[in-house]
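coords-v2.pdb, holding PDB, C-alpha atoms, pLDDT in the B column:
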```
MODEL        1
ATOM      1  CA  MET A   1     -15.311  -9.486 -13.185  1.00 81.00           C
ATOM      2  CA  ASN A   2     -14.927  -7.253 -10.119  1.00 90.00           C
ATOM      3  CA  TRP A   3     -13.414 -10.086  -8.055  1.00 92.00           C
ATOM      4  CA  LEU A   4     -11.056 -11.052 -10.878  1.00 93.00           C
ATOM      5  CA  LEU A   5      -9.789  -7.464 -10.878  1.00 94.00           C
ATOM      6  CA  VAL A   6      -9.507  -7.514  -7.060  1.00 93.00           C
ATOM      7  CA  ALA A   7      -7.381 -10.694  -7.253  1.00 93.00           C
ATOM      8  CA  LEU A   8      -5.154  -9.273 -10.007  1.00 94.00           C
ATOM      9  CA  VAL A   9      -4.639  -5.991  -8.097  1.00 94.00           C
ATOM     10  CA  SER A  10      -3.791  -7.823  -4.844  1.00 92.00           C
ATOM     11  CA  VAL A  11      -1.410 -10.489  -6.142  1.00 93.00           C
ATOM     12  CA  THR A  12       0.660  -8.156  -8.349  1.00 95.00           C
ATOM     13  CA  ALA A  13       0.751  -5.490  -5.605  1.00 92.00           C
ATOM     14  CA  SER A  14       2.010  -7.840  -2.895  1.00 91.00           C
ATOM     15  CA  LEU A  15       4.672  -9.349  -5.170  1.00 93.00           C
ATOM     16  CA  GLY A  16       5.759  -5.816  -6.098  1.00 92.00           C
ATOM     17  CA  ASP A  17       5.827  -4.748  -2.419  1.00 87.00           C
ATOM     18  CA  ALA A  18       7.932  -7.741  -1.390  1.00 89.00           C
ATOM     19  CA  LEU A  19      10.499  -7.041  -4.124  1.00 90.00           C
ATOM     20  CA  GLN A  20      10.512  -3.349  -3.199  1.00 85.00           C
ATOM     21  CA  THR A  21      11.233  -4.190   0.432  1.00 84.00           C
ATOM     22  CA  LEU A  22      14.001  -6.577  -0.594  1.00 85.00           C
ATOM     23  CA  GLY A  23      15.559  -3.829  -2.719  1.00 80.00           C
ATOM     24  CA  MET A  24      15.330  -1.141  -0.005  1.00 81.00           C
ATOM     25  CA  LYS A  25      16.592  -3.462   2.766  1.00 79.00           C
ATOM     26  CA  LEU A  26      19.568  -4.445   0.601  1.00 77.00           C
ATOM     27  CA  HIS A  27      20.208  -0.703   0.171  1.00 76.00           C
ATOM     28  CA  GLY A  28      20.047  -0.058   3.926  1.00 76.00           C
ATOM     29  CA  GLU A  29      18.311   2.530   6.147  1.00 79.00           C
ATOM     30  CA  ILE A  30      18.093   6.084   4.814  1.00 77.00           C
ATOM     31  CA  HIS A  31      19.433   8.516   7.444  1.00 79.00           C
ATOM     32  CA  ASP A  32      20.319  11.565   5.369  1.00 78.00           C
ATOM     33  CA  PHE A  33      17.384  13.396   3.728  1.00 81.00           C
ATOM     34  CA  ARG A  34      19.327  16.273   2.162  1.00 85.00           C
ATOM     35  CA  PRO A  35      18.676  16.545  -1.621  1.00 85.00           C
ATOM     36  CA  SER A  36      22.263  15.665  -2.570  1.00 84.00           C
ATOM     37  CA  ALA A  37      22.159  12.508  -0.448  1.00 80.00           C
ATOM     38  CA  LEU A  38      18.713  11.530  -1.801  1.00 82.00           C
ATOM     39  CA  LYS A  39      20.065  11.920  -5.336  1.00 83.00           C
ATOM     40  CA  LYS A  40      22.767   9.350  -4.561  1.00 80.00           C
ATOM     41  CA  VAL A  41      20.136   6.996  -3.120  1.00 78.00           C
ATOM     42  CA  VAL A  42      18.022   7.271  -6.307  1.00 79.00           C
ATOM     43  CA  LEU A  43      21.062   6.645  -8.550  1.00 79.00           C
ATOM     44  CA  ARG A  44      21.956   3.535  -6.558  1.00 77.00           C
ATOM     45  CA  LEU A  45      18.393   2.213  -6.540  1.00 74.00           C
ATOM     46  CA  ILE A  46      17.978   2.627 -10.322  1.00 77.00           C
ATOM     47  CA  ARG A  47      20.641  -0.037 -10.801  1.00 78.00           C
ATOM     48  CA  SER A  48      18.830  -2.589  -8.627  1.00 81.00           C
ATOM     49  CA  TRP A  49      16.624  -5.076 -10.554  1.00 85.00           C
ATOM     50  CA  HIS A  50      14.414  -5.577  -7.494  1.00 85.00           C
ATOM     51  CA  LEU A  51      13.109  -2.029  -7.736  1.00 86.00           C
ATOM     52  CA  GLY A  52      12.662  -2.224 -11.527  1.00 87.00           C
ATOM     53  CA  LEU A  53      10.607  -5.418 -11.494  1.00 92.00           C
ATOM     54  CA  SER A  54       8.617  -4.221  -8.482  1.00 90.00           C
ATOM     55  CA  LEU A  55       7.660  -1.055 -10.384  1.00 89.00           C
ATOM     56  CA  VAL A  56       6.448  -3.125 -13.374  1.00 93.00           C
ATOM     57  CA  LEU A  57       4.293  -5.278 -11.071  1.00 94.00           C
ATOM     58  CA  LEU A  58       2.936  -2.241  -9.242  1.00 89.00           C
ATOM     59  CA  ALA A  59       2.119  -0.576 -12.589  1.00 90.00           C
ATOM     60  CA  ILE A  60       0.077  -3.631 -13.648  1.00 93.00           C
ATOM     61  CA  SER A  61      -1.623  -3.558 -10.257  1.00 93.00           C
ATOM     62  CA  PHE A  62      -2.388   0.154 -10.636  1.00 89.00           C
ATOM     63  CA  GLY A  63      -3.858  -0.266 -14.131  1.00 90.00           C
ATOM     64  CA  ALA A  64      -6.155  -3.024 -12.885  1.00 92.00           C
ATOM     65  CA  PHE A  65      -7.081  -0.846  -9.886  1.00 92.00           C
ATOM     66  CA  LEU A  66      -8.075   2.041 -12.199  1.00 92.00           C
ATOM     67  CA  VAL A  67     -10.354  -0.289 -14.176  1.00 91.00           C
ATOM     68  CA  LEU A  68     -11.837  -1.560 -10.898  1.00 93.00           C
ATOM     69  CA  LEU A  69     -12.496   2.019  -9.692  1.00 92.00           C
ATOM     70  CA  SER A  70     -14.346   2.814 -12.913  1.00 91.00           C
ATOM     71  CA  VAL A  71     -16.747  -0.133 -12.521  1.00 91.00           C
ATOM     72  CA  ALA A  72     -17.090  -0.501  -8.722  1.00 92.00           C
ATOM     73  CA  ASP A  73     -17.864   1.706  -5.686  1.00 92.00           C
ATOM     74  CA  LEU A  74     -14.881   3.408  -4.019  1.00 93.00           C
ATOM     75  CA  SER A  75     -16.112   1.911  -0.726  1.00 92.00           C
ATOM     76  CA  PHE A  76     -15.896  -1.578  -2.291  1.00 92.00           C
ATOM     77  CA  ALA A  77     -12.787  -1.275  -4.464  1.00 92.00           C
ATOM     78  CA  VAL A  78     -10.395   0.054  -1.833  1.00 88.00           C
ATOM     79  CA  PRO A  79     -11.329  -2.269   1.087  1.00 88.00           C
ATOM     80  CA  ALA A  80     -11.568  -5.308  -1.230  1.00 88.00           C
ATOM     81  CA  THR A  81      -8.001  -4.836  -2.410  1.00 86.00           C
ATOM     82  CA  ALA A  82      -7.019  -5.278   1.272  1.00 82.00           C
ATOM     83  CA  LEU A  83      -6.889  -8.915   0.132  1.00 85.00           C
ATOM     84  CA  GLU A  84      -3.296  -7.882  -0.472  1.00 84.00           C
ATOM     85  CA  TYR A  85      -2.756  -8.360   3.302  1.00 80.00           C
ATOM     86  CA  VAL A  86      -3.013 -12.100   3.085  1.00 83.00           C
ATOM     87  CA  SER A  87      -0.624 -12.516   0.150  1.00 85.00           C
ATOM     88  CA  THR A  88       1.750  -9.894   1.599  1.00 85.00           C
ATOM     89  CA  THR A  89       1.910 -11.581   5.009  1.00 86.00           C
ATOM     90  CA  LEU A  90       2.690 -14.903   3.308  1.00 86.00           C
ATOM     91  CA  LEU A  91       5.452 -13.290   1.226  1.00 89.00           C
ATOM     92  CA  ALA A  92       6.823 -11.386   4.256  1.00 85.00           C
ATOM     93  CA  GLN A  93       7.344 -14.650   6.111  1.00 86.00           C
ATOM     94  CA  TYR A  94       8.427 -16.949   3.303  1.00 88.00           C
ATOM     95  CA  LEU A  95      10.268 -14.604   0.909  1.00 85.00           C
ATOM     96  CA  LEU A  96      11.635 -11.865   3.199  1.00 83.00           C
ATOM     97  CA  GLY A  97      12.224 -14.033   6.279  1.00 84.00           C
ATOM     98  CA  GLU A  98      10.317 -11.647   8.587  1.00 82.00           C
ATOM     99  CA  LYS A  99       9.124 -13.288  11.786  1.00 82.00           C
ATOM    100  CA  VAL A 100       5.349 -13.054  11.458  1.00 82.00           C
ATOM    101  CA  ASN A 101       3.954 -13.625  14.964  1.00 84.00           C
ATOM    102  CA  TRP A 102       0.429 -14.779  15.860  1.00 87.00           C
ATOM    103  CA  ARG A 103      -0.854 -11.199  16.131  1.00 84.00           C
ATOM    104  CA  ARG A 104       0.121 -10.385  12.587  1.00 84.00           C
ATOM    105  CA  TRP A 105      -1.402 -13.650  11.346  1.00 89.00           C
ATOM    106  CA  ALA A 106      -4.594 -12.916  13.311  1.00 91.00           C
ATOM    107  CA  GLY A 107      -4.679  -9.419  11.819  1.00 87.00           C
ATOM    108  CA  ALA A 108      -4.284 -10.775   8.301  1.00 88.00           C
ATOM    109  CA  GLY A 109      -6.974 -13.379   9.077  1.00 92.00           C
ATOM    110  CA  LEU A 110      -9.427 -10.690  10.244  1.00 92.00           C
ATOM    111  CA  VAL A 111      -8.776  -8.719   7.082  1.00 88.00           C
ATOM    112  CA  ALA A 112      -9.439 -11.811   4.983  1.00 91.00           C
ATOM    113  CA  CYS A 113     -12.780 -12.323   6.785  1.00 94.00           C
ATOM    114  CA  GLY A 114     -13.612  -8.643   6.243  1.00 93.00           C
ATOM    115  CA  VAL A 115     -12.975  -8.941   2.514  1.00 91.00           C
ATOM    116  CA  LEU A 116     -15.218 -12.034   2.413  1.00 92.00           C
ATOM    117  CA  LEU A 117     -18.006  -9.984   4.053  1.00 93.00           C
ATOM    118  CA  LEU A 118     -17.688  -7.328   1.340  1.00 89.00           C
ATOM    119  CA  GLY A 119     -18.582 -10.013  -1.186  1.00 81.00           C
ATOM    120  CA  LEU A 120     -21.811 -11.118   0.544  1.00 78.00           C
TER     121      LEU A 120
ATOM    122  CA  MET B   1       8.003  -2.949  21.442  1.00 49.00           C
ATOM    123  CA  PRO B   2      10.487  -0.177  20.662  1.00 58.00           C
ATOM    124  CA  ARG B   3       9.049   3.375  20.863  1.00 62.00           C
ATOM    125  CA  LEU B   4       8.216   4.728  17.450  1.00 69.00           C
ATOM    126  CA  ARG B   5      10.480   7.553  16.389  1.00 80.00           C
ATOM    127  CA  TRP B   6       8.899  10.858  15.305  1.00 84.00           C
ATOM    128  CA  LYS B   7      10.252  10.201  11.816  1.00 86.00           C
ATOM    129  CA  THR B   8       8.318   6.934  11.609  1.00 86.00           C
ATOM    130  CA  ARG B   9       5.094   8.594  12.863  1.00 85.00           C
ATOM    131  CA  LEU B  10       5.392  11.475  10.410  1.00 90.00           C
ATOM    132  CA  PHE B  11       6.050   9.238   7.426  1.00 90.00           C
ATOM    133  CA  ALA B  12       3.239   6.823   8.344  1.00 88.00           C
ATOM    134  CA  THR B  13       0.768   9.756   8.638  1.00 88.00           C
ATOM    135  CA  VAL B  14       1.714  11.214   5.248  1.00 91.00           C
ATOM    136  CA  VAL B  15       1.427   7.744   3.701  1.00 90.00           C
ATOM    137  CA  VAL B  16      -2.146   7.268   5.022  1.00 89.00           C
ATOM    138  CA  VAL B  17      -3.470  10.754   4.138  1.00 91.00           C
ATOM    139  CA  ALA B  18      -1.938  10.858   0.646  1.00 94.00           C
ATOM    140  CA  ASN B  19      -3.379   7.419  -0.156  1.00 91.00           C
ATOM    141  CA  VAL B  20      -6.940   8.271   0.950  1.00 93.00           C
ATOM    142  CA  ILE B  21      -7.069  11.577  -0.968  1.00 95.00           C
ATOM    143  CA  GLY B  22      -5.402  10.044  -4.035  1.00 94.00           C
ATOM    144  CA  ASN B  23      -7.882   7.160  -4.274  1.00 93.00           C
ATOM    145  CA  PHE B  24     -10.833   9.504  -3.796  1.00 95.00           C
ATOM    146  CA  LEU B  25      -9.709  11.817  -6.610  1.00 96.00           C
ATOM    147  CA  LEU B  26      -9.120   8.832  -8.927  1.00 94.00           C
ATOM    148  CA  SER B  27     -12.569   7.443  -8.212  1.00 94.00           C
ATOM    149  CA  VAL B  28     -14.229  10.772  -9.102  1.00 94.00           C
ATOM    150  CA  GLY B  29     -12.180  11.122 -12.303  1.00 93.00           C
ATOM    151  CA  LEU B  30     -12.719   7.570 -13.539  1.00 91.00           C
ATOM    152  CA  ARG B  31     -16.475   7.728 -13.005  1.00 88.00           C
ATOM    153  CA  ARG B  32     -16.719  10.966 -14.980  1.00 88.00           C
ATOM    154  CA  HIS B  33     -14.569   9.481 -17.746  1.00 86.00           C
ATOM    155  CA  PRO B  34     -14.972   5.667 -17.715  1.00 83.00           C
ATOM    156  CA  PRO B  35     -11.959   4.091 -19.503  1.00 79.00           C
ATOM    157  CA  GLU B  36     -14.010   1.817 -21.767  1.00 79.00           C
ATOM    158  CA  SER B  37     -12.006   2.399 -24.948  1.00 82.00           C
ATOM    159  CA  VAL B  38      -8.623   3.791 -25.974  1.00 84.00           C
ATOM    160  CA  SER B  39     -10.063   7.299 -26.268  1.00 86.00           C
ATOM    161  CA  GLY B  40     -11.852   6.748 -22.958  1.00 84.00           C
ATOM    162  CA  TRP B  41      -8.475   6.002 -21.321  1.00 85.00           C
ATOM    163  CA  MET B  42      -6.989   9.148 -22.901  1.00 86.00           C
ATOM    164  CA  HIS B  43      -9.832  11.308 -21.572  1.00 86.00           C
ATOM    165  CA  ALA B  44      -9.605   9.714 -18.123  1.00 87.00           C
ATOM    166  CA  LEU B  45      -5.832  10.091 -17.850  1.00 87.00           C
ATOM    167  CA  ALA B  46      -6.016  13.694 -19.077  1.00 89.00           C
ATOM    168  CA  SER B  47      -8.634  14.772 -16.527  1.00 92.00           C
ATOM    169  CA  PRO B  48      -7.452  16.967 -13.626  1.00 95.00           C
ATOM    170  CA  TRP B  49      -9.077  14.601 -11.084  1.00 94.00           C
ATOM    171  CA  VAL B  50      -6.958  11.691 -12.282  1.00 93.00           C
ATOM    172  CA  PHE B  51      -3.862  13.908 -12.614  1.00 94.00           C
ATOM    173  CA  PHE B  52      -4.087  15.121  -9.010  1.00 96.00           C
ATOM    174  CA  GLY B  53      -5.098  11.650  -7.822  1.00 95.00           C
ATOM    175  CA  VAL B  54      -1.949  10.206  -9.373  1.00 93.00           C
ATOM    176  CA  SER B  55       0.103  13.094  -7.906  1.00 95.00           C
ATOM    177  CA  PHE B  56      -1.091  12.236  -4.393  1.00 95.00           C
ATOM    178  CA  LEU B  57      -0.266   8.583  -5.027  1.00 91.00           C
ATOM    179  CA  VAL B  58       3.251   9.560  -6.157  1.00 92.00           C
ATOM    180  CA  VAL B  59       3.724  11.339  -2.802  1.00 95.00           C
ATOM    181  CA  TRP B  60       2.352   8.190  -1.142  1.00 90.00           C
ATOM    182  CA  LEU B  61       4.810   5.956  -3.034  1.00 85.00           C
ATOM    183  CA  LEU B  62       7.884   8.101  -2.236  1.00 92.00           C
ATOM    184  CA  PHE B  63       7.140   8.378   1.491  1.00 91.00           C
ATOM    185  CA  ARG B  64       6.345   4.671   1.607  1.00 86.00           C
ATOM    186  CA  LEU B  65       9.630   3.772  -0.119  1.00 85.00           C
ATOM    187  CA  ALA B  66      11.560   5.761   2.488  1.00 89.00           C
ATOM    188  CA  LEU B  67       9.564   4.182   5.341  1.00 88.00           C
ATOM    189  CA  LEU B  68      10.320   0.695   3.972  1.00 84.00           C
ATOM    190  CA  SER B  69      14.064   1.311   4.259  1.00 86.00           C
ATOM    191  CA  TRP B  70      13.853   0.988   8.058  1.00 86.00           C
ATOM    192  CA  ALA B  71      10.488  -0.667   8.830  1.00 81.00           C
ATOM    193  CA  ASP B  72       9.236  -4.219   8.144  1.00 77.00           C
ATOM    194  CA  LEU B  73       6.806  -4.619   5.248  1.00 69.00           C
ATOM    195  CA  SER B  74       4.415  -6.553   7.465  1.00 67.00           C
ATOM    196  CA  TRP B  75       4.283  -3.497   9.810  1.00 71.00           C
ATOM    197  CA  VAL B  76       4.032  -0.861   7.071  1.00 74.00           C
ATOM    198  CA  VAL B  77       1.213  -2.438   5.062  1.00 65.00           C
ATOM    199  CA  PRO B  78      -1.249  -2.893   7.963  1.00 64.00           C
ATOM    200  CA  VAL B  79      -0.584   0.527   9.528  1.00 68.00           C
ATOM    201  CA  THR B  80      -1.184   2.327   6.269  1.00 69.00           C
ATOM    202  CA  ALA B  81      -4.276   0.185   5.695  1.00 68.00           C
ATOM    203  CA  SER B  82      -6.119   2.162   8.370  1.00 71.00           C
ATOM    204  CA  GLY B  83      -6.887   4.351   5.347  1.00 84.00           C
ATOM    205  CA  TYR B  84      -9.332   1.727   4.003  1.00 81.00           C
ATOM    206  CA  ALA B  85     -12.052   2.784   6.434  1.00 81.00           C
ATOM    207  CA  LEU B  86     -11.361   6.488   5.811  1.00 86.00           C
ATOM    208  CA  THR B  87     -11.688   5.875   2.066  1.00 91.00           C
ATOM    209  CA  ALA B  88     -15.058   4.153   2.522  1.00 91.00           C
ATOM    210  CA  LEU B  89     -16.242   7.148   4.548  1.00 89.00           C
ATOM    211  CA  MET B  90     -15.177   9.489   1.721  1.00 91.00           C
ATOM    212  CA  GLY B  91     -17.197   7.313  -0.683  1.00 93.00           C
ATOM    213  CA  LYS B  92     -20.305   7.593   1.487  1.00 93.00           C
ATOM    214  CA  VAL B  93     -20.056  11.293   2.343  1.00 93.00           C
ATOM    215  CA  PHE B  94     -18.794  12.777  -0.926  1.00 93.00           C
ATOM    216  CA  LEU B  95     -19.887  10.241  -3.563  1.00 93.00           C
ATOM    217  CA  GLY B  96     -23.221   9.246  -2.017  1.00 93.00           C
ATOM    218  CA  GLU B  97     -22.390   5.518  -2.059  1.00 93.00           C
ATOM    219  CA  HIS B  98     -24.787   3.238  -0.212  1.00 92.00           C
ATOM    220  CA  ILE B  99     -22.814   1.125   2.266  1.00 91.00           C
ATOM    221  CA  SER B 100     -24.772  -1.856   3.597  1.00 93.00           C
ATOM    222  CA  ALA B 101     -24.439  -3.162   7.155  1.00 93.00           C
ATOM    223  CA  THR B 102     -22.525  -6.172   5.818  1.00 94.00           C
ATOM    224  CA  ARG B 103     -20.080  -3.936   3.987  1.00 93.00           C
ATOM    225  CA  TRP B 104     -19.496  -1.821   7.123  1.00 92.00           C
ATOM    226  CA  ALA B 105     -18.927  -5.042   9.065  1.00 94.00           C
ATOM    227  CA  GLY B 106     -16.338  -6.093   6.464  1.00 94.00           C
ATOM    228  CA  ILE B 107     -14.607  -2.703   6.675  1.00 92.00           C
ATOM    229  CA  LEU B 108     -14.692  -2.915  10.504  1.00 91.00           C
ATOM    230  CA  LEU B 109     -12.984  -6.332  10.429  1.00 92.00           C
ATOM    231  CA  ILE B 110     -10.337  -4.982   8.039  1.00 87.00           C
ATOM    232  CA  THR B 111      -9.666  -2.062  10.402  1.00 83.00           C
ATOM    233  CA  LEU B 112      -9.530  -4.338  13.470  1.00 86.00           C
ATOM    234  CA  GLY B 113      -7.041  -6.521  11.631  1.00 81.00           C
ATOM    235  CA  ALA B 114      -4.937  -3.432  10.957  1.00 70.00           C
ATOM    236  CA  LEU B 115      -5.056  -2.312  14.625  1.00 71.00           C
ATOM    237  CA  LEU B 116      -4.086  -5.771  15.824  1.00 74.00           C
ATOM    238  CA  VAL B 117      -0.966  -5.797  13.706  1.00 64.00           C
ATOM    239  CA  ARG B 118      -0.128  -2.195  14.700  1.00 57.00           C
ATOM    240  CA  THR B 119       0.890  -3.395  18.185  1.00 53.00           C
ATOM    241  CA  THR B 120       3.686  -5.645  16.916  1.00 55.00           C
ATOM    242  CA  ALA B 121       7.381  -4.907  16.556  1.00 56.00           C
ATOM    243  CA  ILE B 122       8.379  -2.569  13.758  1.00 60.00           C
ATOM    244  CA  ARG B 123      11.314  -4.644  12.604  1.00 68.00           C
ATOM    245  CA  THR B 124      12.145  -8.297  13.161  1.00 68.00           C
ATOM    246  CA  THR B 125      14.959  -8.841  10.660  1.00 68.00           C
ATOM    247  CA  LYS B 126      18.591  -7.887  11.144  1.00 62.00           C
ATOM    248  CA  SER B 127      20.227  -5.603   8.593  1.00 55.00           C
ATOM    249  CA  HIS B 128      21.534  -8.409   6.455  1.00 49.00           C
ATOM    250  CA  ALA B 129      18.883 -11.007   7.181  1.00 46.00           C
ATOM    251  CA  THR B 130      17.291 -10.708   3.731  1.00 45.00           C
ATOM    252  CA  ARG B 131      20.689 -11.267   2.171  1.00 44.00           C
ATOM    253  CA  GLU B 132      21.184 -14.407   4.228  1.00 42.00           C
ATOM    254  CA  VAL B 133      17.735 -15.715   3.313  1.00 43.00           C
ATOM    255  CA  ARG B 134      18.518 -15.395  -0.370  1.00 40.00           C
ATOM    256  CA  ARG B 135      21.711 -17.491  -0.194  1.00 34.00           C
TER     257      ARG B 135
ENDMDL
END
```
Encoding of this model in structure tokens:
Amino acid sequence: MNWLLVALVSVTASLGDALQTLGMKLHGEIHDFRPSALKKVVLRLIRSWHLGLSLVLLAISFGAFLVLLSVADLSFAVPATALEYVSTTLLAQYLLGEKVNWRRWAGAGLVACGVLLLGL
Amino acid sequence: MPRLRWKTRLFATVVVVANVIGNFLLSVGLRRHPPESVSGWMHALASPWVFFGVSFLVVWLLFRLALLSWADLSWVVPVTASGYALTALMGKVFLGEHISATRWAGILLITLGALLVRTTAIRTTKSHATREVRR
């Protein structure tokens, strides 16, 4: 049950993150942090489907995370959902076209091993 | 590796701290009010612990969104994940959780993974690269 929740939290979160990044990168870098400029940014982002769908996915992930926190230790629940690293790194390379070098892959691999240790 | 701008450092720090405190508050609230039924969910969501936990996570989400507009996702996620170890420490110190040697080893590996990725470039895609990939 705990691991099922961990998997649900991780997969929906990484899909949501990838869509969020796609949406923000299509928007472009934010340089101006004055309230009036931020208001324009928010109005533009509301119209982007990437952000909308990513928020739905992240909401599902958050709900599952809350259930996980109520049944598992904080020191298990939070590190275990680092499983998100592996799925996020895959999506970063294959969906977003980021160049994931060997260091990033090694980092994601170490995290995956760490999550496995939590389950022993 | 390009030098990190102060803006990037500031935003990354806020993202880590807000996430650790938010998760801790949620954990306390959900254990006091386990969401086992509809009324259980109502009690949990109405508790101040969960309210402030969610508030910290809203701060986390907003700062993270801004950070993502100029930094690669595969840089942002690992850097902010240094909070995993801090969260475990909060669980041990404030919630009295027993953390076995194996669990610490797992958390250590997760942190090492995060540090390894921290040394890579902050952005590898050009401004319109994602657009080109989607065509």
Q: Apply the PyMOL selection byres ((chain B and resi 52-66) around 7) to the displayed file and report the matching residues as a ChimeraX atom specification.
A: /A:30 /B:11,15,18-19,21-23,25-26,48-51,67-69
Q) Care to translate the PyMOL selection byres ((chain A and resi 119) around 12) into actual residues of this file, as a PyMOL selection string? A) (chain A and resi 2-3+6+76-77+79-81+83+112-118+120) or (chain B and resi 100+102-107)
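Between CA of Ala108 in chain A and CA of Thr88 in chain A there is a distance of 9.1 Å.
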Q: Could you expand the ChimeraX specification (/B :<9) & /A into the explicit residues it covers here, written as a PyMOL selection string?
A: chain A and resi 17-18+20-30+66-67+69-71+73-76+78-80+82+84-85+88-89+92-93+95-101+103-120
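Atom pair CA of Leu15 in chain A / CA of Tyr94 in chain A has a distance of 12.0 Å (rounded to one decimal).
In this model, the gap between CA of His50 in chain A and CA of Leu91 in chain A comes to 14.7 Å.
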Let me have the centre and edge lengths in Å, one decimal, of the box along x, y and z around every listed atom of range 98-116 of chain A with 5 Å of margin on each side, as AutoDock Vina command-line options.
```
--center_x -2.5 --center_y -11.7 --center_z 9.3 --size_x 35.5 --size_y 16.1 --size_z 23.7
```
Q: Show me as a VMD selection string the residues that reach within 12 Å of (2.2, -6.0, -7.6), counting only C-alpha atoms and using the file's own coordinates.
A: chain A and resid 6 to 20 51 to 65 81 84 87 to 88 91
